[in-house]
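Working notes, beginning with the structure itself.
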Amino acid sequence: MAADLLRITGVSAGYIGEDVLHDAALTVAKGEVVAVIGSNGAGKTTLFRAICGLLRPSAGKVDFDGTDITGLRAHRVSRLGIAYVPAERHLFPTMTVRDNLVLGAFPKHHEPEQLDFVYRLFPRLKERTGQHAGDMSGGEQQMLAVARALMCGPRLLILDEPTTGLAPKLAAEAYAALGELRDRGLTILVAEQQVPLVLALADRGYVLEQGRIRLSGASGDLADDPEVRHAYLGVA
Amino acid sequence: MTAVLLDGVVLGLQFGLLGVGLTLVYGLGGVLNLAHGQVAVLGAIVIARSMDAGMSTGVSIVFGLVAVGLLGLIVDLTLMRPVYRLRGESRVLLGLLLMLGVGTLIDGVLEWRYPIEALTLRVTGDPVSILGVRMSYGSIVASAIALVVGVALFAFLRFSTFGRATRSVIQDEEGARLCGVNPAVVRSTIFVMSGVLAGVVVITRSMTAPITVTSGFGLTIMALIVAVVGGLGSVSGAFVAGILLGVVNTVSAYTIGSYATTIILLTAAAVTIVLRPSGLFGDRT
């Protein structure tokens with residue numbers, strides 16, 4: 001489709017010679033929020049790492065806004081406008097909040113407006129601007145990880161389980177922030193185990209099981225699907 | 001005793017600068033540069049030979065530093081490629097062994113071709129009085145250079161975009177890549193820079209004592225001890241450890257005798273590691 005920002009086709013990827021992701025196909029249109037749901041080990045992280053250049057796919061193609069980015073290394077993918085927030089966050093522990101954020105804009109020198117925007121979205125970060133990232137709470141670190149990803153003005157934001165370790169209130173706040181970003185036109189791809197939260201925000205979703213995409217559709221349809229409800233929403 | 005302590009600080013500042021290059025290269029990529037001192041000595045010999053050939057001190061120094069930088073670049077672009085393709089322990093071991101080989105090679109070539117060559121930079125000037133002690137002009141100049149270069153390096157790492165990128169790779173390489181930093185470019189640049197820093201140290205050392213073709217290994221060992229005690233990967237650690245060990249060096253030479261200094265330094269290093277396994281500032285960059 002013409003408005004697809006991200007399109008992956010036939011992507012397989014894995015570790016130490018064995019694929020854990022098989023023949024994955026997925027699209028994300030400009031301005032959409034797309035969810036990827038699946039249990040632990042389903043392959044969500046492998047999928048995202050293959051898109052972002054942290055992992056080279058063994059097969060398939062990753063297309064970003066008309067450019068083939070398959071196998072491109074992570075720093076190049078980042079510079080093309082894809083920002084990835086991994087589950088482990090990978091912040092710089094003994095660097096300040098501000099320095100972490102400024103690095104998000106690398107290699108461009110950060111614009112003051114970007115910093116302002118991010119501080120307005122996450123006021124708690126502004127309060128802690130001089131604090132070491134490693135000294136912050138889990139919720140604050142998650143905020144910082146997302147904020148850092150936004151500093152380069154990405155066209156696509158990919159998040160891997162952003163609510164891990166967050167209390168329900170903070171998880172809801174995180175999704176509120178994502179909603180605000182979506183309203184400003186950011187395209188978002190998010191993997192999540194907290195299915196109700198992500199389906200409430202997403203336009204469409206994919207269900208990943210044992211490395212394969214089993215189901216896809218509008219988020220409302222997925223939420224009503226009996227298999228999804230049974231497997232991920234705890235409905236008998 | 002004040003004189004001994006001040007001499008120790010003078011020596012220590014240079015030790016620190018020597019250790020910083022080594023610690024950065026290790027922190028960035030797990031490569032222990034066991035040719036650190038030898039590459040620097042090669043630069044010193046280039047300077048000495050240039051001066052012998054009649055070139056001015058300034059031009060010779062430029063030649064020497066360029067030679068060191070170029071050699072670092074060549075080693076990084078060739079020998080380090082297979083090293084960085086490995087991960088973890090294998091990378092550390094291969095890097096260590098290859099650089100040991102490079103160091104031995106340089107040692108051998110220099111001893112074979114220029115066995116009696118040495119670098120001595122005579123710095124003319126009257127002794128300066130610091131805290132009631134008359135310090136030779138050479139040691140004042142040496143300290144000043146080491147201090148200025150050290151502060152410049154610190155500012156560079158702390159405030160410049162590339163410096164920040166360098167620290168980010170040391171702290172979390174994957175995070176750095178996700179921010180758009182190319183770790184390979186950072187590693188190569190710092191590798192070359194670390195060689196040039198070591199070159200600066202042999203220049204300052206030569207102001208108080210000659211640098212001979214056999215000085216290389218001793219300098220490498222010193223850099224290694226300083227880096228380990230300071231905490232591998234920590235720039236501030238290397239400087240603090242350098243000054244500490246410089247003072248230990250001069251104090252033990254004064255009170256016991258210079259034959260014992262190496263043993264005492266190694267013992268001091270061992271004690272530090274036992275008490276703080278990751279080095280003095282091992283958890284900070």
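Every chain in the structure tokens takes a letter, A first, then B, and so on in the order presented; its residues are numbered from 1, and the ligands are numbered from 1 following the presented order.
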
Practice problem: Find the residues around region 155-162 of chain B up to 12 Å (only C-alpha atoms counted), leave out those fewer than 3 positions away in its own chain, and share them as a VMD selection string. | Solution: (chain A and resid 95 to 96 98 to 100 102 to 110) or (chain B and resid 20 24 148 to 152 165 to 170 176 180 to 183 185 to 187 189 to 190 193 234 to 236 285)

Exercise. Just list the residues in region 26-246 of chain B DSSP gives alpha helix (DSSP H) on the backbone, as a PyMOL selection string.
Key: chain B and resi 26-29+36-52+57-78+80-85+88-113+137-159+161-171+173-178+183-205+215-230+235-246

Please report as CSV every residue of chain A lying within 10 Å of chain B, along with the nearest atom pair and their distance in Å (one decimal), using only C-alpha atoms.
```
residue,atom,partner,partner_atom,distance
A:Cys52,CA,B:Leu178,CA,8.3
A:Gly53,CA,B:Leu178,CA,9.1
A:Leu54,CA,B:Glu174,CA,8.2
A:Arg73,CA,B:Arg177,CA,8.6
A:Ala74,CA,B:Arg177,CA,5.8
A:His75,CA,B:Gly180,CA,4.1
A:Arg76,CA,B:Gly180,CA,6.5
A:Val77,CA,B:Gly180,CA,7.8
A:Ser78,CA,B:Gly180,CA,5.2
A:Arg79,CA,B:Gly180,CA,5.6
A:Leu80,CA,B:Gly180,CA,9.2
A:Gly81,CA,B:Gly180,CA,9.8
A:Ile82,CA,B:Leu178,CA,9.1
A:Ala83,CA,B:Leu178,CA,7.2
A:Tyr84,CA,B:Leu178,CA,6.7
A:Val85,CA,B:Leu178,CA,8.3
A:Pro86,CA,B:Gly175,CA,8.9
A:Glu88,CA,B:Gly175,CA,9.5
A:Arg89,CA,B:Gly175,CA,7.5
A:His90,CA,B:Gly175,CA,4.7
A:Leu91,CA,B:Gly175,CA,6.0
A:Phe92,CA,B:Gln171,CA,5.6
A:Pro93,CA,B:Gln171,CA,7.0
A:Thr94,CA,B:Arg284,CA,6.3
A:Met95,CA,B:Ser168,CA,8.2
A:Asp99,CA,B:Arg164,CA,7.7
A:Asn100,CA,B:Ser168,CA,8.4
A:Leu101,CA,B:Cys179,CA,9.5
A:Val102,CA,B:Thr161,CA,8.8
A:Leu103,CA,B:Cys179,CA,6.3
A:Gly104,CA,B:Cys179,CA,4.9
A:Ala105,CA,B:Cys179,CA,6.9
A:Phe106,CA,B:Gly180,CA,5.8
A:Pro107,CA,B:Gly180,CA,6.5
A:Lys108,CA,B:Thr161,CA,9.0
A:His109,CA,B:Thr161,CA,7.5
A:His110,CA,B:Thr161,CA,9.8
A:Ala145,CA,B:Gly175,CA,9.6
A:Arg148,CA,B:Cys179,CA,8.1
A:Ala149,CA,B:Cys179,CA,7.4
A:Met151,CA,B:Cys179,CA,9.2
A:Cys152,CA,B:Cys179,CA,8.3
```

Exercise. May I have all residues of region 65-142 of chain A that DSSP, computed from the backbone, assigns to strand (DSSP E), given as a list in words?
Key: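 Matching residues, listed in order: Thr67, Asp68, Ile82, Ala83, Tyr84 and Val85 of chain A.
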
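From CA of Ala270 (chain B) back to CA of Ser139 (chain B), the distance works out to 29.0 Å.
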
Quiz item: Quick one: residues within 8 Å of Thr70 (chain A), only C-alpha atoms counted, chain neighbours fewer than 4 positions away excluded, as a list of chain:residue names?
Solution: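 The residues satisfying every condition are A:Ile51, A:Gly53, A:Arg56, A:Pro57, A:Gly60, A:Lys61, A:Val62, A:Asp63.
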
Restricted to N, CA and C atoms, what would the selected residues look like written as a compact mmCIF listing (two decimals), in the first residue's frame?
```
# COMPACT_ATOMS: atom_id res chain seq x y z
N ILE A 51 14.12 -5.89 12.60
CA ILE A 51 13.74 -4.65 11.91
C ILE A 51 14.77 -3.56 12.16
N GLY A 53 17.97 -3.65 13.02
CA GLY A 53 19.38 -3.82 12.66
C GLY A 53 20.24 -4.38 13.77
N ARG A 56 20.56 -9.71 12.06
CA ARG A 56 20.42 -9.80 10.61
C ARG A 56 19.42 -10.90 10.29
N PRO A 57 18.36 -10.61 9.55
CA PRO A 57 17.40 -11.67 9.22
C PRO A 57 18.05 -12.73 8.34
N GLY A 60 14.03 -12.84 4.02
CA GLY A 60 12.98 -11.83 4.01
C GLY A 60 13.49 -10.43 3.76
N LYS A 61 12.55 -9.51 3.78
CA LYS A 61 12.85 -8.13 3.40
C LYS A 61 12.18 -7.17 4.36
N VAL A 62 12.92 -6.12 4.71
CA VAL A 62 12.35 -5.06 5.56
C VAL A 62 12.42 -3.76 4.77
N ASP A 63 11.25 -3.17 4.55
CA ASP A 63 11.16 -1.98 3.74
C ASP A 63 10.66 -0.81 4.60
```

Practice problem: Just give me the gap between CA of Gln194 (chain A) and CA of Val28 (chain A) in Å, one decimal is fine. | Solution: 20.2 Å

Exercise. Considering only C-alpha atoms, return as a ChimeraX atom specification whatever protein or nucleic-acid residues lie within 10 Å of Leu13 (chain B), sequence-local ones (same chain, fewer than 3 positions apart) excluded.
Key: /B:8-10,16-19,142-147,150,201,238-247

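Among the candidate residues A:Arg212, A:Arg229, A:Arg184, A:Arg120, the one lying nearest to Leu199 (chain A) is A:Arg229, with distances computed using only C-alpha atoms.
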